[in-house]
Structures are given as structure tokens and as C-alpha cells.
file entry19.cif (mmCIF, C-alpha atoms and all ligand atoms)
data_protein
loop_
_atom_site.label_atom_id
_atom_site.label_comp_id
_atom_site.auth_asym_id
_atom_site.auth_seq_id
_atom_site.Cartn_x
_atom_site.Cartn_y
_atom_site.Cartn_z
CA MET A 1 30.85 -12.66 -87.49
CA VAL A 2 33.25 -9.77 -87.75
CA LYS A 3 32.96 -9.25 -84.02
CA VAL A 4 34.05 -12.79 -83.31
CA LEU A 5 37.14 -12.32 -85.45
CA ASN A 6 37.96 -9.13 -83.65
CA ARG A 7 37.57 -10.75 -80.27
CA GLY A 8 40.08 -13.36 -81.35
CA LEU A 9 42.50 -10.66 -82.37
CA LEU A 10 41.99 -8.87 -79.08
CA ALA A 11 42.60 -12.03 -77.10
CA LEU A 12 45.96 -12.40 -78.81
CA LEU A 13 46.90 -8.79 -78.16
CA LEU A 14 45.85 -9.01 -74.55
CA ALA A 15 47.84 -12.16 -73.98
CA ALA A 16 50.87 -10.43 -75.46
CA VAL A 17 50.72 -7.47 -73.07
CA GLY A 18 49.83 -9.39 -69.91
CA PHE A 19 46.26 -8.24 -69.51
CA ALA A 20 45.70 -10.48 -66.50
CA ALA A 21 47.96 -8.26 -64.40
CA PHE A 22 45.57 -5.37 -64.79
CA PRO A 23 42.74 -5.71 -62.26
CA ALA A 24 39.17 -5.76 -63.50
CA LEU A 25 37.08 -2.79 -62.44
CA SER A 26 34.21 -3.52 -60.10
CA HIS A 27 30.96 -1.63 -60.21
CA ALA A 28 31.38 -0.50 -56.62
CA SER A 29 34.37 1.64 -57.49
CA HIS A 30 35.12 3.24 -60.80
CA SER A 31 38.29 5.16 -60.19
CA TRP A 32 40.51 5.13 -63.28
CA GLY A 33 43.64 3.49 -61.90
CA GLY A 34 43.77 5.87 -58.90
CA TYR A 35 44.86 8.81 -61.07
CA HIS A 36 43.84 12.23 -59.76
CA TRP A 37 44.80 15.90 -59.86
CA ALA A 38 47.05 16.94 -56.97
CA ARG A 39 45.64 19.84 -54.98
CA THR A 40 46.14 21.39 -51.56
CA SER A 41 42.47 22.20 -50.88
CA ASN A 42 38.95 21.24 -51.91
CA PRO A 43 36.88 22.04 -53.83
CA PHE A 44 39.37 22.65 -56.62
CA THR A 45 38.83 24.26 -60.02
CA LEU A 46 39.92 22.58 -63.22
CA LYS A 47 40.17 24.58 -66.43
CA LEU A 48 38.64 23.15 -69.61
CA GLY A 49 40.31 24.70 -72.69
CA ASP A 50 37.66 25.43 -75.33
CA ASN A 51 38.99 24.46 -78.77
CA VAL A 52 35.58 23.26 -79.94
CA SER A 53 33.30 24.54 -82.69
CA SER A 54 30.07 26.43 -82.07
CA THR A 55 28.09 23.17 -82.43
CA TRP A 56 29.97 21.73 -79.48
CA ASP A 57 30.04 24.87 -77.31
CA PRO A 58 26.63 24.30 -75.68
CA ILE A 59 27.53 20.63 -75.10
CA LEU A 60 30.78 21.62 -73.40
CA ALA A 61 28.82 24.10 -71.26
CA ILE A 62 26.42 21.34 -70.14
CA THR A 63 29.29 18.99 -69.30
CA SER A 64 31.11 21.71 -67.35
CA SER A 65 27.98 22.57 -65.40
CA ASP A 66 27.11 18.90 -64.78
CA TRP A 67 30.50 18.00 -63.30
CA SER A 68 30.67 21.23 -61.31
CA GLN A 69 27.77 19.92 -59.23
CA SER A 70 30.38 17.77 -57.53
CA THR A 71 31.22 18.99 -54.04
CA MET A 72 34.90 18.25 -54.74
CA LEU A 73 35.51 20.16 -57.95
CA ASP A 74 34.38 22.90 -60.27
CA THR A 75 35.24 23.21 -63.92
CA THR A 76 35.60 26.48 -65.73
CA ILE A 77 35.75 26.95 -69.51
CA VAL A 78 38.72 29.02 -70.71
CA ALA A 79 40.10 29.96 -74.11
CA GLY A 80 41.72 26.91 -75.63
CA GLY A 81 45.46 26.55 -76.07
CA ALA A 82 45.19 24.07 -78.93
CA SER A 83 42.89 25.89 -81.38
CA SER A 84 45.60 26.32 -84.01
CA ASN A 85 45.83 22.55 -84.48
CA VAL A 86 42.77 20.72 -83.19
CA ARG A 87 43.87 17.51 -84.91
CA ARG A 88 46.88 17.33 -82.66
CA CYS A 89 45.10 18.95 -79.66
CA LYS A 90 48.35 19.65 -77.86
CA ALA A 91 48.02 19.48 -74.10
CA THR A 92 48.58 22.42 -71.76
CA ALA A 93 50.08 21.81 -68.32
CA GLY A 94 47.62 22.03 -65.45
CA ARG A 95 44.41 21.78 -67.46
CA VAL A 96 42.32 19.81 -69.97
CA GLU A 97 42.15 20.84 -73.65
CA VAL A 98 38.93 19.85 -75.45
CA CYS A 99 39.04 19.57 -79.26
CA ASN A 100 36.80 18.45 -82.11
CA THR A 101 37.40 17.89 -85.79
CA THR A 102 36.90 15.22 -88.46
CA TYR A 103 39.58 12.83 -87.27
CA GLY A 104 38.51 10.34 -89.97
CA ASN A 105 37.11 6.81 -89.97
CA THR A 106 39.20 5.89 -86.97
CA GLY A 107 36.48 3.79 -85.35
CA TRP A 108 36.38 6.04 -82.28
CA LEU A 109 33.84 8.64 -81.17
CA GLY A 110 35.92 10.16 -78.42
CA VAL A 111 39.36 9.86 -76.88
CA ALA A 112 40.53 11.06 -73.46
CA SER A 113 44.23 11.18 -72.59
CA ILE A 114 45.81 12.02 -69.27
CA TRP A 115 49.46 12.69 -68.50
CA ALA A 116 50.42 11.38 -65.08
CA SER A 117 53.44 11.67 -62.84
CA GLY A 118 52.99 8.90 -60.30
CA ASN A 119 49.29 9.00 -59.42
CA HIS A 120 48.94 12.67 -60.18
CA ILE A 121 47.36 13.94 -63.38
CA THR A 122 49.30 16.90 -64.78
CA GLN A 123 47.37 17.61 -68.00
CA GLY A 124 44.70 16.07 -70.20
CA THR A 125 43.06 16.18 -73.61
CA VAL A 126 39.64 15.24 -74.97
CA LYS A 127 39.09 14.69 -78.70
CA LEU A 128 35.64 14.35 -80.32
CA ASN A 129 35.45 12.82 -83.78
CA ASP A 130 33.13 14.76 -86.08
CA THR A 131 33.56 12.17 -88.81
CA TYR A 132 30.93 10.25 -86.81
CA PHE A 133 29.10 13.15 -85.18
CA ASN A 134 28.38 14.53 -88.65
CA THR A 135 26.45 11.35 -89.50
CA ALA A 136 22.74 10.83 -88.79
CA SER A 137 23.42 8.04 -86.25
CA TYR A 138 25.52 10.21 -83.92
CA ASN A 139 24.47 13.75 -84.75
CA THR A 140 22.15 14.00 -81.73
CA PRO A 141 22.40 15.96 -78.50
CA ALA A 142 22.19 12.66 -76.59
CA TRP A 143 25.28 11.14 -78.23
CA ARG A 144 27.19 14.42 -78.03
CA ASN A 145 26.35 14.88 -74.35
CA LEU A 146 27.24 11.30 -73.47
CA VAL A 147 30.62 11.32 -75.17
CA MET A 148 31.62 14.82 -74.00
CA CYS A 149 30.51 14.08 -70.42
CA GLN A 150 32.27 10.71 -70.35
CA GLU A 151 35.58 11.84 -71.86
CA VAL A 152 35.80 14.88 -69.59
CA GLY A 153 34.86 12.60 -66.67
CA HIS A 154 37.86 10.40 -67.49
CA THR A 155 40.18 13.39 -67.14
CA PHE A 156 39.17 13.64 -63.45
CA GLY A 157 40.24 10.03 -62.92
CA LEU A 158 36.83 8.39 -63.33
CA ASP A 159 36.34 5.13 -65.17
CA HIS A 160 33.08 3.58 -66.35
CA GLN A 161 30.46 2.30 -63.96
CA ASP A 162 29.53 -0.37 -66.46
CA GLU A 163 31.07 -1.62 -69.68
CA ASP A 164 28.28 -3.75 -71.10
CA PHE A 165 26.72 -1.75 -73.92
CA SER A 166 23.58 -3.91 -74.17
CA ASN A 167 22.29 -4.00 -70.57
CA ALA A 168 19.93 -1.49 -68.94
CA ASN A 169 21.25 2.08 -68.67
CA LEU A 170 22.55 3.22 -65.27
CA ASN A 171 21.53 6.81 -66.05
CA THR A 172 25.08 8.10 -66.13
CA CYS A 173 27.38 9.16 -68.95
CA MET A 174 29.99 6.85 -67.42
CA ASP A 175 27.95 3.84 -68.55
CA TYR A 176 28.55 2.22 -71.89
CA THR A 177 25.36 1.97 -73.95
CA SER A 178 23.96 1.64 -77.43
CA ASN A 179 21.14 4.05 -76.50
CA PRO A 180 22.42 7.29 -74.97
CA ASP A 181 19.02 8.79 -74.07
CA SER A 182 19.18 8.37 -70.29
CA ASN A 183 23.01 8.37 -70.11
CA GLN A 184 23.79 12.01 -70.90
CA HIS A 185 24.83 13.27 -67.46
CA PRO A 186 26.65 12.05 -64.32
CA ASN A 187 24.66 10.35 -61.55
CA THR A 188 25.04 10.40 -57.78
CA HIS A 189 27.40 7.44 -57.88
CA ASP A 190 29.84 9.46 -60.02
CA TYR A 191 29.80 12.30 -57.52
CA ALA A 192 30.30 9.79 -54.68
CA GLN A 193 33.28 8.32 -56.53
CA LEU A 194 34.80 11.78 -56.93
CA GLU A 195 34.46 12.27 -53.18
CA LEU A 196 36.42 9.05 -52.65
CA ILE A 197 39.13 9.89 -55.18
CA TYR A 198 39.60 13.42 -53.83
CA SER A 199 39.02 12.84 -50.10
CA HIS A 200 42.75 13.30 -49.32
CA LEU A 201 44.73 16.48 -49.87
CA ASP A 202 48.19 16.66 -51.44
CA SER A 203 51.16 18.80 -50.45
CA THR A 204 51.49 20.10 -54.01
CA SER A 205 49.14 21.08 -56.82
CA THR A 206 49.15 19.94 -60.44
CA LEU A 207 46.56 22.55 -61.38
CA SER A 208 49.03 25.33 -62.16
CA ALA A 209 51.05 25.30 -65.32
CA ALA A 210 54.42 26.87 -64.64
CA ALA A 211 56.10 24.46 -62.26
CA LEU A 212 54.65 21.41 -63.93
CA ALA A 213 55.94 21.63 -67.46
CA ALA A 214 59.55 21.87 -66.34
CA LYS A 215 59.28 18.61 -64.40
CA MET A 216 57.96 16.61 -67.31
CA PRO A 217 60.36 14.69 -69.55
CA PRO A 218 60.60 16.69 -72.83
CA ALA A 219 59.49 13.69 -74.91
CA MET A 220 56.37 13.42 -72.77
CA ARG A 221 55.62 17.12 -73.03
CA ASN A 222 55.80 17.02 -76.83
CA VAL A 223 54.16 13.66 -77.50
CA ASP A 224 51.78 13.71 -80.46
CA LEU A 225 48.75 11.45 -79.90
CA SER A 226 46.97 12.19 -83.16
CA GLU A 227 47.48 8.62 -84.44
CA PRO A 228 46.49 5.43 -82.54
CA ARG A 229 49.93 3.97 -83.24
CA HIS A 230 51.36 6.69 -80.98
CA TRP A 231 49.21 5.75 -78.00
CA GLY A 232 51.55 3.05 -76.67
CA LYS A 233 50.58 -0.38 -75.51
CA LEU A 234 47.07 -1.67 -74.95
CA ILE A 235 46.71 -2.26 -71.21
CA HIS A 236 42.98 -2.76 -70.79
CA SER A 237 40.10 -3.85 -72.98
CA SER A 238 36.56 -4.83 -72.17
CA ALA A 239 33.11 -5.60 -73.52
CA GLY A 240 34.56 -7.17 -76.66
CA GLY A 241 36.97 -4.28 -77.14
CA TRP A 242 34.41 -1.45 -77.17
CA LYS A 243 36.50 0.39 -74.64
CA GLU A 244 40.26 0.29 -74.56
CA THR A 245 43.05 1.88 -72.58
CA TYR A 246 46.57 2.47 -73.88
CA GLU A 247 49.68 3.52 -72.01
CA LEU A 248 52.92 5.26 -72.98
CA ASP A 249 55.57 4.93 -70.28
CA PHE A 250 58.31 7.55 -70.13
CA GLY A 251 59.94 6.05 -67.03
CA GLY A 252 60.23 7.48 -63.53
CA GLY A 253 56.47 7.20 -63.01
CA HIS A 254 55.72 9.45 -66.00
CA LYS A 255 52.96 8.07 -68.20
CA VAL A 256 50.42 9.10 -70.79
CA ILE A 257 47.20 7.09 -70.60
CA THR A 258 44.69 7.19 -73.45
CA HIS A 259 41.12 5.95 -73.24
CA VAL A 260 38.97 5.32 -76.30
CA ILE A 261 35.23 4.86 -76.92
CA TRP A 262 34.91 3.01 -80.21
CA ALA A 263 31.95 3.68 -82.46
CA THR A 264 29.39 0.88 -82.25
CA ASP A 265 28.53 0.76 -85.96
CA GLU A 266 28.81 -2.78 -87.26
CA ASP A 267 30.55 -1.40 -90.34
CA ASP A 268 33.41 -0.05 -88.27
CA ASP A 269 34.39 -3.38 -86.79
CA ALA A 270 36.70 -4.41 -89.57
CA ASP A 271 38.53 -1.09 -89.50
CA ARG A 272 38.79 -1.24 -85.76
CA GLY A 273 40.65 -4.52 -85.84
CA HIS A 274 43.36 -2.97 -87.97
CA GLU A 275 43.80 0.03 -85.71
CA HIS A 276 45.36 -1.96 -82.93
CA PRO A 277 49.07 -1.29 -82.71
ZN ZN B 1 47.09 12.85 -54.31
ZN ZN B 2 35.08 5.85 -71.57
#
call {"tool": "encode", "arguments": {"input": "entry19.cif", "output": "C-alpha cells"}}
result
Amino acid sequence: MVKVLNRGLLALLLAAVGFAAFPALSHASHSWGGYHWARTSNPFTLKLGDNVSSTWDPILAITSSDWSQSTMLDTTIVAGGASSNVRRCKATAGRVEVCNTTYGNTGWLGVASIWASGNHITQGTVKLNDTYFNTASYNTPAWRNLVMCQEVGHTFGLDHQDEDFSNANLNTCMDYTSNPDSNQHPNTHDYAQLELIYSHLDSTSTLSAAALAAKMPPAMRNVDLSEPRHWGKLIHSSAGGWKETYELDFGGGHKVITHVIWATDEDDDADRGHEHP
């Protein structure tokens, strides 16, 4: 019953922001809007800043190793640049910062944000919400692996392969599910999609910090995404709103895109409806 009400609310929001203009994702291709890191050669190495607690460290290591099996990219775990304030999880140019803390009863398990100039990703963040991972329902290696793997996967420019949480698992972390058991790691289709996204080379690289930060509008560099109301406008929603994408547009092709996995607890539905900006 609560879900139906929320769907109604979503329909109104979507109508207001012109959802129809945003193309639906097909299962054959799950690039996230064509966003990718610029690089002059392949395979490239993306740094993952470790701002996570010891509970999450082995999960981050699994995710890093899983995605590094791609022929196009390797990830390497480095000391985090956001450890002093994991709630904010401030981004660092040219890499992805990964943070966890008790972000509260926000309704979301994980959030990935990417900063883009044109099609090129310049920095990213992943936030993992211990308010849920500290509960019996989500405090399992399977849920932790799925959410870490999926949110980091988004920062490469991957979207979901499937957004129906009640159908059979596709055996990839990029598949929405209510049972994470077989969805803890990427599958061959994810690696194939990365080959498509990164088949071309660019004349510049967005993987090094120095040159990048200067090019970014100051407001974009300093944006604080710790509250949903700062995420910008809702541009994509699916599967009854279980997955949503928000966009902040700084003009001149500079954008911050935030992707959310909402918790699937029935109890969270009411809260979730109120989170929408
Ligand atoms: Zn490119
Ligand atoms: Zn997702």
C-alpha cells in the first residue's frame, strides 16, 4: 500500500522533470549515460581512496580485485583523502573516494556520485550506509559485496544490467535483487561493457589530479553531497523508484551525477517518499 503511494509521488516528480526525455536502458548495453574516464592508453589504473573501516577493508579489496580482472582497467587501493570527514566524503580529482559511516535512516544502502566534464569523469565518490549494514538484514558479506561492487562499478560508467529486484539473478553485482547471494561480483557481460565503453582512446587523461581541479568550476569542486536535497534534480527512476539518478548541472558541460540504491525494507518506504527533493 505504501509502495503504491510512493509510485504515485514518483510519477508526479518524473512528469515534472521530463523523465520521458531520458532514454530507458536496454539490457544489451548498460553504459551509464556514456560517462567514462579519459585516458590516453589502455589498460588504465584508477585509484580507489580507502576511507573505510576495518570491517569494509576486505570487501573493498574484493571489489578492487574483481574489477581489475577487466582487460581495460585496473584499480588500486590508496590512502583515502576524505578520512577526516567520511560523512561528507569529499572527492579528490582523478580518483574515487570510498567512505562508510552511519549516514542515518536515509533509505539508501549506497550512493555513487561522479563529476563529469562533458562525457569524461573527473572524480567520484562511493558512500556506504552503516545505519543499514549494522542491522541483521544487511550485515552480511553478500550484501556488502553487492553494494560495494555495484557502487564502484558505477564510478567506471557502468549502469545496471537489470533493474527488476524480484526476477532471477543475473549473477552480477550490477543486477538489482532482493537476494544478493549470487550477485556479489561482476560477470562477463560487465567486462564486455567496459570494453565497449573504453574501446576508444582520448587525447587527454582525467586520471591525474593536478590539471583537473583547476578546470572545474569552484562551486562544483566544493559541492557537498551529504544530504539528498543537495543532489540536484531527479533525472531517472526505475523499478518503482528502487534506483534513482540525480543530476546537478554547473553549466558548460560540468555535472555531478548521483546514483542511489534504496534499501528494500518495507519500513523504509514512507521515509523514502519524503526524501525526494
Ligand atoms: Zn573519451
Ligand atoms: Zn546502482
call {"tool": "closest_atom_pairs", "arguments": {"input": "entry19.cif", "of": "stretch 46-116 of chain A", "to": "stretch 130-142 of chain A", "cutoff": "7 Å", "atoms": "only C-alpha atoms", "output": "tab-separated table"}}
result
residue	atom	partner	partner_atom	distance
A:Asn100	CA	A:Asp130	CA	6.5
A:Thr101	CA	A:Asp130	CA	5.3
A:Thr102	CA	A:Asp130	CA	4.5
A:Tyr103	CA	A:Thr131	CA	6.2
A:Gly104	CA	A:Thr131	CA	5.4
A:Asn105	CA	A:Thr131	CA	6.5
A:Leu109	CA	A:Tyr132	CA	6.5
call {"tool": "write_last_selection", "arguments": {"input": "entry19.cif", "atoms": "C-alpha atoms", "output": "mmCIF file, in the frame of the given file"}}
result
data_model
loop_
_atom_site.group_PDB
_atom_site.id
_atom_site.type_symbol
_atom_site.label_atom_id
_atom_site.label_comp_id
_atom_site.auth_asym_id
_atom_site.auth_seq_id
_atom_site.Cartn_x
_atom_site.Cartn_y
_atom_site.Cartn_z
ATOM 1 C CA ASN A 100 36.800 18.450 -82.110
ATOM 2 C CA THR A 101 37.400 17.890 -85.790
ATOM 3 C CA THR A 102 36.900 15.220 -88.460
ATOM 4 C CA TYR A 103 39.580 12.830 -87.270
ATOM 5 C CA GLY A 104 38.510 10.340 -89.970
ATOM 6 C CA ASN A 105 37.110 6.810 -89.970
ATOM 7 C CA LEU A 109 33.840 8.640 -81.170
#
call {"tool": "atom_distance", "arguments": {"input": "entry19.cif", "atom1": "atom CA of A:Gln69", "atom2": "atom CA of A:Asp162"}}
result
21.6 Å
call {"tool": "residues_near_point", "arguments": {"input": "entry19.cif", "point": "(26.9, 12.8, -72.9)", "cutoff": "12 Å", "atoms": "all atoms listed in the file", "output": "PyMOL selection string"}}
result
chain A and resi 56+58-64+66-67+109-110+128+138+140-153+171-177+179-187
call {"tool": "atom_distance", "arguments": {"input": "entry19.cif", "atom1": "atom CA of A:Leu48", "atom2": "atom CA of A:Phe156"}}
result
11.3 Å
call {"tool": "residues_near_ligand", "arguments": {"input": "entry19.cif", "ligand": "ligand ZN 1 (chain B)", "cutoff": "7 Å", "atoms": "all atoms listed in the file", "output": "PyMOL selection string"}}
result
chain A and resi 36-38+119-120+200-202
call {"tool": "write_last_selection", "arguments": {"input": "entry19.cif", "atoms": "C-alpha atoms", "output": "PDB file, keeping the file's coordinate frame"}}
result
ATOM      1  CA  HIS A  36      43.840  12.230 -59.760  1.00  0.00           C
ATOM      2  CA  TRP A  37      44.800  15.900 -59.860  1.00  0.00           C
ATOM      3  CA  ALA A  38      47.050  16.940 -56.970  1.00  0.00           C
ATOM      4  CA  ASN A 119      49.290   9.000 -59.420  1.00  0.00           C
ATOM      5  CA  HIS A 120      48.940  12.670 -60.180  1.00  0.00           C
ATOM      6  CA  HIS A 200      42.750  13.300 -49.320  1.00  0.00           C
ATOM      7  CA  LEU A 201      44.730  16.480 -49.870  1.00  0.00           C
ATOM      8  CA  ASP A 202      48.190  16.660 -51.440  1.00  0.00           C
TER       9      ASP A 202
END
call {"tool": "residues_near_ligand", "arguments": {"input": "entry19.cif", "ligand": "ligand ZN 2 (chain B)", "cutoff": "7 Å", "atoms": "all atoms listed in the file", "output": "ChimeraX atom specification"}}
result
/A:150-151,154,159-160,174,243,259-261
call {"tool": "atom_distance", "arguments": {"input": "entry19.cif", "atom1": "atom CA of A:His30", "atom2": "atom CA of A:Lys215"}}
result
28.9 Å
call {"tool": "closest_residue", "arguments": {"input": "entry19.cif", "among": "A:Arg88, A:Lys47, A:His236, A:His254", "to": "A:Ala209", "atoms": "all atoms listed in the file"}}
result
A:Lys47
call {"tool": "residues_around", "arguments": {"input": "entry19.cif", "residues": "A:Cys89", "least_positions_apart": "2", "cutoff": "12 Å", "atoms": "all atoms listed in the file", "output": "PyMOL selection string"}}
result
chain A and resi 49-52+80-87+91-92+96-101+103+111-113+123-128+222-227
call {"tool": "closest_residue", "arguments": {"input": "entry19.cif", "among": "A:Trp115, A:Tyr246, A:Phe165, A:Trp262", "to": "A:Arg221", "atoms": "only C-alpha atoms"}}
result
A:Trp115
call {"tool": "residues_near_point", "arguments": {"input": "entry19.cif", "point": "(35.9, 9.4, -55.2)", "cutoff": "10 Å", "atoms": "only C-alpha atoms", "output": "PyMOL selection string"}}
result
chain A and resi 29-31+34+36+72+156-158+189-200
call {"tool": "write_last_selection", "arguments": {"input": "entry19.cif", "atoms": "C-alpha atoms", "output": "PDB file, in the coordinates of the input"}}
result
ATOM      1  CA  SER A  29      34.370   1.640 -57.490  1.00  0.00           C
ATOM      2  CA  HIS A  30      35.120   3.240 -60.800  1.00  0.00           C
ATOM      3  CA  SER A  31      38.290   5.160 -60.190  1.00  0.00           C
ATOM      4  CA  GLY A  34      43.770   5.870 -58.900  1.00  0.00           C
ATOM      5  CA  HIS A  36      43.840  12.230 -59.760  1.00  0.00           C
ATOM      6  CA  MET A  72      34.900  18.250 -54.740  1.00  0.00           C
ATOM      7  CA  PHE A 156      39.170  13.640 -63.450  1.00  0.00           C
ATOM      8  CA  GLY A 157      40.240  10.030 -62.920  1.00  0.00           C
ATOM      9  CA  LEU A 158      36.830   8.390 -63.330  1.00  0.00           C
ATOM     10  CA  HIS A 189      27.400   7.440 -57.880  1.00  0.00           C
ATOM     11  CA  ASP A 190      29.840   9.460 -60.020  1.00  0.00           C
ATOM     12  CA  TYR A 191      29.800  12.300 -57.520  1.00  0.00           C
ATOM     13  CA  ALA A 192      30.300   9.790 -54.680  1.00  0.00           C
ATOM     14  CA  GLN A 193      33.280   8.320 -56.530  1.00  0.00           C
ATOM     15  CA  LEU A 194      34.800  11.780 -56.930  1.00  0.00           C
ATOM     16  CA  GLU A 195      34.460  12.270 -53.180  1.00  0.00           C
ATOM     17  CA  LEU A 196      36.420   9.050 -52.650  1.00  0.00           C
ATOM     18  CA  ILE A 197      39.130   9.890 -55.180  1.00  0.00           C
ATOM     19  CA  TYR A 198      39.600  13.420 -53.830  1.00  0.00           C
ATOM     20  CA  SER A 199      39.020  12.840 -50.100  1.00  0.00           C
ATOM     21  CA  HIS A 200      42.750  13.300 -49.320  1.00  0.00           C
TER      22      HIS A 200
END
call {"tool": "closest_residue", "arguments": {"input": "entry19.cif", "among": "A:Ile257, A:Leu234, A:Met220, A:Leu73", "to": "A:Lys90", "atoms": "all atoms listed in the file"}}
result
A:Met220
call {"tool": "decode", "arguments": {"input": "entry19.cif", "residues": "stretch 116-138 of chain A", "atoms": "N, CA, C and O atoms", "output": "compact mmCIF listing (two decimals), in the first residue's frame"}}
result
# COMPACT_ATOMS: atom_id res chain seq x y z
N ALA A 116 31.45 15.03 -13.86
CA ALA A 116 31.76 14.85 -15.28
C ALA A 116 31.93 16.20 -15.95
O ALA A 116 31.21 17.16 -15.65
N SER A 117 32.90 16.28 -16.84
CA SER A 117 33.05 17.42 -17.73
C SER A 117 32.83 16.87 -19.13
O SER A 117 33.64 16.09 -19.62
N GLY A 118 31.71 17.24 -19.75
CA GLY A 118 31.31 16.56 -20.98
C GLY A 118 31.03 15.11 -20.64
O GLY A 118 30.36 14.81 -19.66
N ASN A 119 31.60 14.19 -21.43
CA ASN A 119 31.41 12.76 -21.16
C ASN A 119 32.46 12.20 -20.21
O ASN A 119 32.43 11.02 -19.89
N HIS A 120 33.40 13.03 -19.81
CA HIS A 120 34.55 12.50 -19.09
C HIS A 120 34.40 12.63 -17.59
O HIS A 120 34.17 13.72 -17.06
N ILE A 121 34.55 11.51 -16.90
CA ILE A 121 34.50 11.50 -15.44
C ILE A 121 35.82 12.08 -14.92
O ILE A 121 36.90 11.71 -15.40
N THR A 122 35.72 12.99 -13.96
CA THR A 122 36.94 13.62 -13.41
C THR A 122 37.21 13.20 -11.97
O THR A 122 38.34 13.29 -11.50
N GLN A 123 36.16 12.79 -11.25
CA GLN A 123 36.34 12.28 -9.88
C GLN A 123 35.04 11.59 -9.47
O GLN A 123 34.00 11.77 -10.11
N GLY A 124 35.13 10.78 -8.40
CA GLY A 124 33.93 10.07 -7.97
C GLY A 124 33.98 9.78 -6.48
O GLY A 124 35.04 9.82 -5.85
N THR A 125 32.79 9.51 -5.92
CA THR A 125 32.72 9.07 -4.52
C THR A 125 31.74 7.90 -4.40
O THR A 125 30.79 7.80 -5.18
N VAL A 126 32.01 7.06 -3.41
CA VAL A 126 31.09 5.96 -3.05
C VAL A 126 30.86 6.07 -1.55
O VAL A 126 31.81 6.18 -0.78
N LYS A 127 29.59 6.07 -1.15
CA LYS A 127 29.25 6.10 0.28
C LYS A 127 28.42 4.87 0.63
O LYS A 127 27.47 4.53 -0.09
N LEU A 128 28.77 4.23 1.75
CA LEU A 128 28.11 3.01 2.21
C LEU A 128 27.49 3.30 3.56
O LEU A 128 28.19 3.77 4.47
N ASN A 129 26.20 3.02 3.69
CA ASN A 129 25.46 3.46 4.88
C ASN A 129 25.39 2.40 5.97
O ASN A 129 24.56 1.49 5.92
N ASP A 130 26.25 2.54 6.97
CA ASP A 130 26.30 1.57 8.07
C ASP A 130 25.04 1.55 8.93
O ASP A 130 24.85 0.60 9.70
N THR A 131 24.22 2.57 8.84
CA THR A 131 22.96 2.52 9.58
C THR A 131 22.20 1.26 9.21
O THR A 131 21.57 0.62 10.05
N TYR A 132 22.29 0.85 7.94
CA TYR A 132 21.65 -0.40 7.49
C TYR A 132 22.59 -1.59 7.61
O TYR A 132 22.16 -2.68 7.99
N PHE A 133 23.87 -1.39 7.28
CA PHE A 133 24.79 -2.54 7.32
C PHE A 133 25.06 -3.01 8.75
O PHE A 133 25.57 -4.10 8.94
N ASN A 134 24.71 -2.20 9.73
CA ASN A 134 24.82 -2.64 11.12
C ASN A 134 23.60 -3.43 11.58
O ASN A 134 23.55 -3.89 12.71
N THR A 135 22.59 -3.57 10.71
CA THR A 135 21.40 -4.34 11.09
C THR A 135 21.51 -5.77 10.57
O THR A 135 22.24 -6.03 9.60
N ALA A 136 20.77 -6.68 11.20
CA ALA A 136 20.87 -8.10 10.85
C ALA A 136 20.55 -8.35 9.37
O ALA A 136 21.19 -9.18 8.72
N SER A 137 19.60 -7.61 8.81
CA SER A 137 19.20 -7.85 7.41
C SER A 137 20.35 -7.63 6.44
O SER A 137 20.49 -8.34 5.45
N TYR A 138 21.16 -6.62 6.68
CA TYR A 138 22.19 -6.23 5.70
C TYR A 138 23.62 -6.52 6.15
O TYR A 138 24.55 -6.34 5.37
